[in-house]
>>> print(open('coords-v7.cif').read())   # mmCIF, N, CA and C atoms, pLDDT in the B column; chains and numbers go by the auth columns
data_run
loop_
_atom_site.group_PDB
_atom_site.id
_atom_site.type_symbol
_atom_site.label_atom_id
_atom_site.label_comp_id
_atom_site.label_asym_id
_atom_site.label_seq_id
_atom_site.Cartn_x
_atom_site.Cartn_y
_atom_site.Cartn_z
_atom_site.B_iso_or_equiv
_atom_site.auth_seq_id
_atom_site.auth_asym_id
ATOM 1 N N MET A 1 -22.914 -1.396 -47.806 84.00 56 A
ATOM 2 C CA MET A 1 -23.097 -0.383 -48.820 84.00 56 A
ATOM 3 C C MET A 1 -22.139 -0.703 -49.970 84.00 56 A
ATOM 4 N N PHE A 2 -22.657 -0.540 -51.184 91.00 57 A
ATOM 5 C CA PHE A 2 -21.873 -0.751 -52.393 91.00 57 A
ATOM 6 C C PHE A 2 -21.980 0.505 -53.242 91.00 57 A
ATOM 7 N N LYS A 3 -20.836 1.002 -53.708 94.00 58 A
ATOM 8 C CA LYS A 3 -20.869 2.241 -54.491 94.00 58 A
ATOM 9 C C LYS A 3 -20.139 2.040 -55.806 94.00 58 A
ATOM 10 N N GLY A 4 -20.832 2.396 -56.890 94.00 59 A
ATOM 11 C CA GLY A 4 -20.239 2.416 -58.213 94.00 59 A
ATOM 12 C C GLY A 4 -20.141 3.844 -58.700 94.00 59 A
ATOM 13 N N GLU A 5 -19.827 3.999 -59.973 95.00 60 A
ATOM 14 C CA GLU A 5 -19.714 5.343 -60.541 95.00 60 A
ATOM 15 C C GLU A 5 -21.060 6.052 -60.628 95.00 60 A
ATOM 16 N N LYS A 6 -22.143 5.283 -60.876 97.00 61 A
ATOM 17 C CA LYS A 6 -23.450 5.898 -61.102 97.00 61 A
ATOM 18 C C LYS A 6 -24.459 5.652 -59.994 97.00 61 A
ATOM 19 N N VAL A 7 -24.351 4.518 -59.303 98.00 62 A
ATOM 20 C CA VAL A 7 -25.337 4.214 -58.266 98.00 62 A
ATOM 21 C C VAL A 7 -24.661 3.754 -56.976 98.00 62 A
ATOM 22 N N LEU A 8 -25.401 3.955 -55.915 97.00 63 A
ATOM 23 C CA LEU A 8 -25.043 3.507 -54.577 97.00 63 A
ATOM 24 C C LEU A 8 -26.138 2.554 -54.132 97.00 63 A
ATOM 25 N N ILE A 9 -25.767 1.438 -53.564 97.00 64 A
ATOM 26 C CA ILE A 9 -26.748 0.498 -53.016 97.00 64 A
ATOM 27 C C ILE A 9 -26.543 0.494 -51.508 97.00 64 A
ATOM 28 N N ARG A 10 -27.599 0.869 -50.794 95.00 65 A
ATOM 29 C CA ARG A 10 -27.487 1.018 -49.339 95.00 65 A
ATOM 30 C C ARG A 10 -28.696 0.434 -48.635 95.00 65 A
ATOM 31 N N ALA A 11 -28.563 0.288 -47.337 92.00 66 A
ATOM 32 C CA ALA A 11 -29.678 -0.175 -46.507 92.00 66 A
ATOM 33 C C ALA A 11 -30.786 0.872 -46.510 92.00 66 A
ATOM 34 N N LEU A 12 -31.999 0.426 -46.235 92.00 67 A
ATOM 35 C CA LEU A 12 -33.125 1.355 -46.111 92.00 67 A
ATOM 36 C C LEU A 12 -32.934 2.246 -44.899 92.00 67 A
ATOM 37 N N GLU A 13 -33.363 3.481 -45.030 93.00 68 A
ATOM 38 C CA GLU A 13 -33.365 4.447 -43.946 93.00 68 A
ATOM 39 C C GLU A 13 -34.803 4.852 -43.673 93.00 68 A
ATOM 40 N N PRO A 14 -35.115 5.293 -42.449 93.00 69 A
ATOM 41 C CA PRO A 14 -36.498 5.689 -42.139 93.00 69 A
ATOM 42 C C PRO A 14 -37.079 6.696 -43.130 93.00 69 A
ATOM 43 N N GLU A 15 -36.259 7.617 -43.643 94.00 70 A
ATOM 44 C CA GLU A 15 -36.767 8.624 -44.573 94.00 70 A
ATOM 45 C C GLU A 15 -37.129 8.035 -45.938 94.00 70 A
ATOM 46 N N ASP A 16 -36.788 6.771 -46.186 95.00 71 A
ATOM 47 C CA ASP A 16 -37.159 6.106 -47.444 95.00 71 A
ATOM 48 C C ASP A 16 -38.615 5.637 -47.450 95.00 71 A
ATOM 49 N N ALA A 17 -39.272 5.643 -46.322 94.00 72 A
ATOM 50 C CA ALA A 17 -40.623 5.080 -46.222 94.00 72 A
ATOM 51 C C ALA A 17 -41.615 5.750 -47.171 94.00 72 A
ATOM 52 N N ASP A 18 -41.583 7.062 -47.290 96.00 73 A
ATOM 53 C CA ASP A 18 -42.525 7.752 -48.186 96.00 73 A
ATOM 54 C C ASP A 18 -42.305 7.347 -49.640 96.00 73 A
ATOM 55 N N THR A 19 -41.044 7.252 -50.053 96.00 74 A
ATOM 56 C CA THR A 19 -40.728 6.851 -51.424 96.00 74 A
ATOM 57 C C THR A 19 -41.196 5.430 -51.689 96.00 74 A
ATOM 58 N N ILE A 20 -40.909 4.536 -50.768 94.00 75 A
ATOM 59 C CA ILE A 20 -41.315 3.137 -50.942 94.00 75 A
ATOM 60 C C ILE A 20 -42.829 3.028 -50.950 94.00 75 A
ATOM 61 N N TRP A 21 -43.506 3.750 -50.085 95.00 76 A
ATOM 62 C CA TRP A 21 -44.969 3.731 -50.058 95.00 76 A
ATOM 63 C C TRP A 21 -45.533 4.184 -51.413 95.00 76 A
ATOM 64 N N ARG A 22 -44.959 5.250 -51.970 95.00 77 A
ATOM 65 C CA ARG A 22 -45.409 5.769 -53.267 95.00 77 A
ATOM 66 C C ARG A 22 -45.178 4.734 -54.371 95.00 77 A
ATOM 67 N N TRP A 23 -43.996 4.119 -54.384 94.00 78 A
ATOM 68 C CA TRP A 23 -43.704 3.107 -55.400 94.00 78 A
ATOM 69 C C TRP A 23 -44.591 1.875 -55.242 94.00 78 A
ATOM 70 N N GLU A 24 -44.761 1.400 -54.018 92.00 79 A
ATOM 71 C CA GLU A 24 -45.564 0.194 -53.785 92.00 79 A
ATOM 72 C C GLU A 24 -47.029 0.388 -54.171 92.00 79 A
ATOM 73 N N ASN A 25 -47.513 1.618 -54.119 95.00 80 A
ATOM 74 C CA ASN A 25 -48.912 1.891 -54.435 95.00 80 A
ATOM 75 C C ASN A 25 -49.124 2.444 -55.835 95.00 80 A
ATOM 76 N N ASP A 26 -48.081 2.445 -56.642 95.00 81 A
ATOM 77 C CA ASP A 26 -48.188 2.863 -58.036 95.00 81 A
ATOM 78 C C ASP A 26 -48.716 1.668 -58.838 95.00 81 A
ATOM 79 N N THR A 27 -49.966 1.726 -59.224 94.00 82 A
ATOM 80 C CA THR A 27 -50.601 0.577 -59.887 94.00 82 A
ATOM 81 C C THR A 27 -49.934 0.207 -61.204 94.00 82 A
ATOM 82 N N THR A 28 -49.206 1.133 -61.826 94.00 83 A
ATOM 83 C CA THR A 28 -48.509 0.796 -63.071 94.00 83 A
ATOM 84 C C THR A 28 -47.330 -0.145 -62.813 94.00 83 A
ATOM 85 N N LEU A 29 -46.894 -0.258 -61.572 90.00 84 A
ATOM 86 C CA LEU A 29 -45.781 -1.144 -61.222 90.00 84 A
ATOM 87 C C LEU A 29 -46.238 -2.483 -60.664 90.00 84 A
ATOM 88 N N TRP A 30 -47.517 -2.635 -60.413 93.00 85 A
ATOM 89 C CA TRP A 30 -48.017 -3.849 -59.767 93.00 85 A
ATOM 90 C C TRP A 30 -47.759 -5.103 -60.595 93.00 85 A
ATOM 91 N N ARG A 31 -47.673 -4.973 -61.907 91.00 86 A
ATOM 92 C CA ARG A 31 -47.445 -6.162 -62.737 91.00 86 A
ATOM 93 C C ARG A 31 -46.077 -6.783 -62.475 91.00 86 A
ATOM 94 N N VAL A 32 -45.091 -5.979 -62.063 87.00 87 A
ATOM 95 C CA VAL A 32 -43.769 -6.528 -61.766 87.00 87 A
ATOM 96 C C VAL A 32 -43.607 -6.922 -60.300 87.00 87 A
ATOM 97 N N SER A 33 -44.406 -6.314 -59.434 82.00 88 A
ATOM 98 C CA SER A 33 -44.293 -6.622 -58.002 82.00 88 A
ATOM 99 C C SER A 33 -45.329 -7.639 -57.545 82.00 88 A
ATOM 100 N N HIS A 34 -46.260 -7.973 -58.428 85.00 89 A
ATOM 101 C CA HIS A 34 -47.342 -8.915 -58.111 85.00 89 A
ATOM 102 C C HIS A 34 -48.221 -8.415 -56.960 85.00 89 A
ATOM 103 N N THR A 35 -48.287 -7.102 -56.793 88.00 90 A
ATOM 104 C CA THR A 35 -49.131 -6.503 -55.769 88.00 90 A
ATOM 105 C C THR A 35 -50.579 -6.578 -56.217 88.00 90 A
ATOM 106 N N LYS A 36 -51.463 -6.880 -55.280 91.00 91 A
ATOM 107 C CA LYS A 36 -52.883 -7.005 -55.603 91.00 91 A
ATOM 108 C C LYS A 36 -53.749 -5.984 -54.873 91.00 91 A
ATOM 109 N N ALA A 37 -53.176 -5.330 -53.859 92.00 92 A
ATOM 110 C CA ALA A 37 -53.917 -4.338 -53.082 92.00 92 A
ATOM 111 C C ALA A 37 -52.926 -3.306 -52.546 92.00 92 A
ATOM 112 N N PRO A 38 -53.377 -2.086 -52.326 93.00 93 A
ATOM 113 C CA PRO A 38 -52.478 -1.045 -51.820 93.00 93 A
ATOM 114 C C PRO A 38 -51.969 -1.352 -50.411 93.00 93 A
ATOM 115 N N PHE A 39 -50.807 -0.799 -50.108 91.00 94 A
ATOM 116 C CA PHE A 39 -50.219 -0.902 -48.772 91.00 94 A
ATOM 117 C C PHE A 39 -50.495 0.378 -48.005 91.00 94 A
ATOM 118 N N SER A 40 -50.725 0.271 -46.718 94.00 95 A
ATOM 119 C CA SER A 40 -50.907 1.463 -45.894 94.00 95 A
ATOM 120 C C SER A 40 -49.552 2.074 -45.561 94.00 95 A
ATOM 121 N N LYS A 41 -49.553 3.375 -45.280 93.00 96 A
ATOM 122 C CA LYS A 41 -48.317 4.037 -44.850 93.00 96 A
ATOM 123 C C LYS A 41 -47.805 3.410 -43.568 93.00 96 A
ATOM 124 N N LYS A 42 -48.713 3.076 -42.665 93.00 97 A
ATOM 125 C CA LYS A 42 -48.318 2.481 -41.390 93.00 97 A
ATOM 126 C C LYS A 42 -47.549 1.181 -41.616 93.00 97 A
ATOM 127 N N LEU A 43 -48.037 0.329 -42.490 90.00 98 A
ATOM 128 C CA LEU A 43 -47.376 -0.934 -42.771 90.00 98 A
ATOM 129 C C LEU A 43 -45.986 -0.713 -43.372 90.00 98 A
ATOM 130 N N ILE A 44 -45.871 0.223 -44.302 90.00 99 A
ATOM 131 C CA ILE A 44 -44.577 0.517 -44.924 90.00 99 A
ATOM 132 C C ILE A 44 -43.612 1.093 -43.899 90.00 99 A
ATOM 133 N N TYR A 45 -44.068 2.021 -43.064 91.00 100 A
ATOM 134 C CA TYR A 45 -43.198 2.594 -42.030 91.00 100 A
ATOM 135 C C TYR A 45 -42.719 1.513 -41.068 91.00 100 A
ATOM 136 N N GLU A 46 -43.601 0.605 -40.682 87.00 101 A
ATOM 137 C CA GLU A 46 -43.205 -0.484 -39.787 87.00 101 A
ATOM 138 C C GLU A 46 -42.164 -1.384 -40.448 87.00 101 A
ATOM 139 N N TYR A 47 -42.361 -1.685 -41.740 85.00 102 A
ATOM 140 C CA TYR A 47 -41.404 -2.520 -42.458 85.00 102 A
ATOM 141 C C TYR A 47 -40.035 -1.845 -42.532 85.00 102 A
ATOM 142 N N VAL A 48 -40.011 -0.581 -42.951 87.00 103 A
ATOM 143 C CA VAL A 48 -38.743 0.136 -43.106 87.00 103 A
ATOM 144 C C VAL A 48 -38.012 0.243 -41.771 87.00 103 A
ATOM 145 N N ASN A 49 -38.741 0.400 -40.691 85.00 104 A
ATOM 146 C CA ASN A 49 -38.128 0.577 -39.375 85.00 104 A
ATOM 147 C C ASN A 49 -37.989 -0.721 -38.594 85.00 104 A
ATOM 148 N N SER A 50 -38.235 -1.853 -39.236 78.00 105 A
ATOM 149 C CA SER A 50 -38.201 -3.146 -38.534 78.00 105 A
ATOM 150 C C SER A 50 -36.812 -3.720 -38.378 78.00 105 A
ATOM 151 N N GLY A 51 -35.826 -3.130 -39.031 70.00 106 A
ATOM 152 C CA GLY A 51 -34.504 -3.722 -39.019 70.00 106 A
ATOM 153 C C GLY A 51 -34.389 -4.831 -40.049 70.00 106 A
ATOM 154 N N GLN A 52 -35.447 -5.032 -40.839 64.00 107 A
ATOM 155 C CA GLN A 52 -35.475 -6.002 -41.926 64.00 107 A
ATOM 156 C C GLN A 52 -34.976 -7.374 -41.499 64.00 107 A
ATOM 157 N N ASP A 53 -35.592 -7.939 -40.532 63.00 108 A
ATOM 158 C CA ASP A 53 -35.260 -9.291 -40.094 63.00 108 A
ATOM 159 C C ASP A 53 -35.551 -10.276 -41.229 63.00 108 A
ATOM 160 N N ILE A 54 -34.497 -10.836 -41.826 54.00 109 A
ATOM 161 C CA ILE A 54 -34.656 -11.719 -42.991 54.00 109 A
ATOM 162 C C ILE A 54 -35.523 -12.927 -42.671 54.00 109 A
ATOM 163 N N TYR A 55 -35.509 -13.394 -41.420 58.00 110 A
ATOM 164 C CA TYR A 55 -36.310 -14.559 -41.051 58.00 110 A
ATOM 165 C C TYR A 55 -37.791 -14.199 -40.944 58.00 110 A
ATOM 166 N N LYS A 56 -38.082 -12.983 -40.514 68.00 111 A
ATOM 167 C CA LYS A 56 -39.472 -12.541 -40.389 68.00 111 A
ATOM 168 C C LYS A 56 -40.065 -12.177 -41.745 68.00 111 A
ATOM 169 N N HIS A 57 -39.321 -11.430 -42.550 65.00 112 A
ATOM 170 C CA HIS A 57 -39.842 -10.908 -43.811 65.00 112 A
ATOM 171 C C HIS A 57 -39.539 -11.789 -45.014 65.00 112 A
ATOM 172 N N GLN A 58 -38.647 -12.747 -44.853 74.00 113 A
ATOM 173 C CA GLN A 58 -38.259 -13.635 -45.951 74.00 113 A
ATOM 174 C C GLN A 58 -37.619 -12.882 -47.108 74.00 113 A
ATOM 175 N N GLN A 59 -37.092 -11.700 -46.843 77.00 114 A
ATOM 176 C CA GLN A 59 -36.388 -10.930 -47.875 77.00 114 A
ATOM 177 C C GLN A 59 -35.543 -9.847 -47.225 77.00 114 A
ATOM 178 N N VAL A 60 -34.610 -9.339 -47.988 82.00 115 A
ATOM 179 C CA VAL A 60 -33.828 -8.164 -47.603 82.00 115 A
ATOM 180 C C VAL A 60 -33.998 -7.161 -48.735 82.00 115 A
ATOM 181 N N ARG A 61 -34.200 -5.915 -48.399 89.00 116 A
ATOM 182 C CA ARG A 61 -34.388 -4.872 -49.411 89.00 116 A
ATOM 183 C C ARG A 61 -33.326 -3.797 -49.222 89.00 116 A
ATOM 184 N N TRP A 62 -32.727 -3.367 -50.354 93.00 117 A
ATOM 185 C CA TRP A 62 -31.781 -2.270 -50.375 93.00 117 A
ATOM 186 C C TRP A 62 -32.289 -1.183 -51.297 93.00 117 A
ATOM 187 N N MET A 63 -31.865 0.026 -51.027 96.00 118 A
ATOM 188 C CA MET A 63 -32.238 1.181 -51.851 96.00 118 A
ATOM 189 C C MET A 63 -31.130 1.430 -52.870 96.00 118 A
ATOM 190 N N ILE A 64 -31.536 1.686 -54.121 98.00 119 A
ATOM 191 C CA ILE A 64 -30.606 2.074 -55.180 98.00 119 A
ATOM 192 C C ILE A 64 -30.706 3.585 -55.327 98.00 119 A
ATOM 193 N N VAL A 65 -29.569 4.260 -55.222 98.00 120 A
ATOM 194 C CA VAL A 65 -29.549 5.719 -55.219 98.00 120 A
ATOM 195 C C VAL A 65 -28.641 6.222 -56.339 98.00 120 A
ATOM 196 N N ASN A 66 -29.115 7.226 -57.076 98.00 121 A
ATOM 197 C CA ASN A 66 -28.318 7.885 -58.100 98.00 121 A
ATOM 198 C C ASN A 66 -27.226 8.697 -57.397 98.00 121 A
ATOM 199 N N VAL A 67 -25.959 8.406 -57.689 97.00 122 A
ATOM 200 C CA VAL A 67 -24.841 9.071 -57.022 97.00 122 A
ATOM 201 C C VAL A 67 -24.798 10.564 -57.344 97.00 122 A
ATOM 202 N N SER A 68 -25.155 10.947 -58.577 97.00 123 A
ATOM 203 C CA SER A 68 -25.012 12.348 -58.982 97.00 123 A
ATOM 204 C C SER A 68 -25.953 13.298 -58.250 97.00 123 A
ATOM 205 N N ASN A 69 -27.139 12.810 -57.844 97.00 124 A
ATOM 206 C CA ASN A 69 -28.081 13.715 -57.171 97.00 124 A
ATOM 207 C C ASN A 69 -28.646 13.154 -55.856 97.00 124 A
ATOM 208 N N ASN A 70 -28.158 11.983 -55.451 95.00 125 A
ATOM 209 C CA ASN A 70 -28.567 11.342 -54.196 95.00 125 A
ATOM 210 C C ASN A 70 -30.063 11.004 -54.149 95.00 125 A
ATOM 211 N N GLU A 71 -30.694 10.823 -55.316 97.00 126 A
ATOM 212 C CA GLU A 71 -32.116 10.494 -55.394 97.00 126 A
ATOM 213 C C GLU A 71 -32.309 8.985 -55.507 97.00 126 A
ATOM 214 N N PRO A 72 -33.232 8.416 -54.724 97.00 127 A
ATOM 215 C CA PRO A 72 -33.560 6.992 -54.871 97.00 127 A
ATOM 216 C C PRO A 72 -34.162 6.732 -56.250 97.00 127 A
ATOM 217 N N VAL A 73 -33.710 5.645 -56.882 97.00 128 A
ATOM 218 C CA VAL A 73 -34.219 5.301 -58.207 97.00 128 A
ATOM 219 C C VAL A 73 -34.845 3.898 -58.231 97.00 128 A
ATOM 220 N N GLY A 74 -34.698 3.149 -57.159 94.00 129 A
ATOM 221 C CA GLY A 74 -35.271 1.818 -57.129 94.00 129 A
ATOM 222 C C GLY A 74 -34.816 1.047 -55.912 94.00 129 A
ATOM 223 N N THR A 75 -35.249 -0.197 -55.856 93.00 130 A
ATOM 224 C CA THR A 75 -34.864 -1.072 -54.754 93.00 130 A
ATOM 225 C C THR A 75 -34.400 -2.414 -55.305 93.00 130 A
ATOM 226 N N LEU A 76 -33.644 -3.109 -54.487 93.00 131 A
ATOM 227 C CA LEU A 76 -33.262 -4.488 -54.754 93.00 131 A
ATOM 228 C C LEU A 76 -33.859 -5.337 -53.641 93.00 131 A
ATOM 229 N N ASP A 77 -34.584 -6.351 -53.999 86.00 132 A
ATOM 230 C CA ASP A 77 -35.165 -7.273 -53.012 86.00 132 A
ATOM 231 C C ASP A 77 -34.589 -8.658 -53.223 86.00 132 A
ATOM 232 N N PHE A 78 -34.050 -9.212 -52.162 85.00 133 A
ATOM 233 C CA PHE A 78 -33.536 -10.593 -52.207 85.00 133 A
ATOM 234 C C PHE A 78 -34.210 -11.415 -51.136 85.00 133 A
#
>>> encode(input="coords-v7.cif", output="structure tokens")
Amino acid sequence: MFKGEKVLIRALEPEDADTIWRWENDTTLWRVSHTKAPFSKKLIYEYVNSGQDIYKHQQVRWMIVNVSNNEPVGTLDF
């Protein structure tokens, strides 16, 4: 976990699945994510709860959270 004055960067939590599902299926964001088809809730829940095995998924994802209101504002994918 990394914390600055304005944002906190933390590991994904199971309760983040709904937010990530909503963001991943927002067609206005597909141009930056290169998404071509919607993701199912089941697939997103499985990903969030998978422990993010970097070898299996070929990436690690963290949640960016606004410190002032504890609201997720984005993700970092490496």
>>> residues_around(input="coords-v7.cif", residues="Leu131 in chain A", least_positions_apart="3", cutoff="8 Å", atoms="all atoms listed in the file", output="compact mmCIF listing (two decimals) with N, CA and C atoms, in the frame of the given file")
# COMPACT_ATOMS: atom_id res chain seq x y z
N ILE A 64 -25.77 1.44 -53.56
CA ILE A 64 -26.75 0.50 -53.02
C ILE A 64 -26.54 0.49 -51.51
N VAL A 115 -34.61 -9.34 -47.99
CA VAL A 115 -33.83 -8.16 -47.60
C VAL A 115 -34.00 -7.16 -48.74
N ARG A 116 -34.20 -5.92 -48.40
CA ARG A 116 -34.39 -4.87 -49.41
C ARG A 116 -33.33 -3.80 -49.22
N TRP A 117 -32.73 -3.37 -50.35
CA TRP A 117 -31.78 -2.27 -50.38
C TRP A 117 -32.29 -1.18 -51.30
N MET A 118 -31.86 0.03 -51.03
CA MET A 118 -32.24 1.18 -51.85
C MET A 118 -31.13 1.43 -52.87
N ILE A 119 -31.54 1.69 -54.12
CA ILE A 119 -30.61 2.07 -55.18
C ILE A 119 -30.71 3.58 -55.33
>>> closest_residue(input="coords-v7.cif", among="A:Gln114, A:Glu101, A:Glu126, A:Phe133", to="Pro69 in chain A", atoms="only C-alpha atoms")
A:Glu101
>>> atom_distance(input="coords-v7.cif", atom1="atom C of Lys91 in chain A", atom2="atom N of Arg77 in chain A")
14.6 Å
>>> select_by_dssp(input="coords-v7.cif", residues="chain A", states="alpha helix (DSSP H)", output="PyMOL selection string")
chain A and resi 72-79+85-88+96-103+109-112
>>> atom_distance(input="coords-v7.cif", atom1="atom C of His89 in chain A", atom2="atom N of Gln113 in chain A")
16.0 Å
>>> atom_distance(input="coords-v7.cif", atom1="CA of Lys97 in chain A", atom2="atom C of Gly129 in chain A")
19.9 Å
>>> resolve_selection(input="coords-v7.cif", expression="the PyMOL selection byres ((chain A and resi 59-62) around 5)", output="list in words")
Phe57, Lys58, Leu63, Ile64, Val120, Asn121 and Val122 of chain A
>>> resolve_selection(input="coords-v7.cif", expression="the PyMOL selection byres ((chain A and resi 100) around 8)", output="VMD selection string")
chain A and resid 69 71 to 73 76 95 to 99 101 to 105
>>> resolve_selection(input="coords-v7.cif", expression="the PyMOL selection byres (((chain A and resi 80 and name CA) around 9) and name CA)", output="VMD selection string")
chain A and resid 75 to 79 81 to 85 90 92 to 95
>>> select_by_dssp(input="coords-v7.cif", residues="range 87-120 of chain A", states="strand (DSSP E)", output="ChimeraX atom specification")
/A:116-120
>>> write_last_selection(input="coords-v7.cif", atoms="N, CA and C atoms", output="short mmCIF file (atom, residue, chain, number, x, y, z; two decimals), keeping the file's coordinate frame")
data_model
loop_
_atom_site.label_atom_id
_atom_site.label_comp_id
_atom_site.auth_asym_id
_atom_site.auth_seq_id
_atom_site.Cartn_x
_atom_site.Cartn_y
_atom_site.Cartn_z
N ARG A 116 -34.20 -5.92 -48.40
CA ARG A 116 -34.39 -4.87 -49.41
C ARG A 116 -33.33 -3.80 -49.22
N TRP A 117 -32.73 -3.37 -50.35
CA TRP A 117 -31.78 -2.27 -50.38
C TRP A 117 -32.29 -1.18 -51.30
N MET A 118 -31.86 0.03 -51.03
CA MET A 118 -32.24 1.18 -51.85
C MET A 118 -31.13 1.43 -52.87
N ILE A 119 -31.54 1.69 -54.12
CA ILE A 119 -30.61 2.07 -55.18
C ILE A 119 -30.71 3.58 -55.33
N VAL A 120 -29.57 4.26 -55.22
CA VAL A 120 -29.55 5.72 -55.22
C VAL A 120 -28.64 6.22 -56.34
#
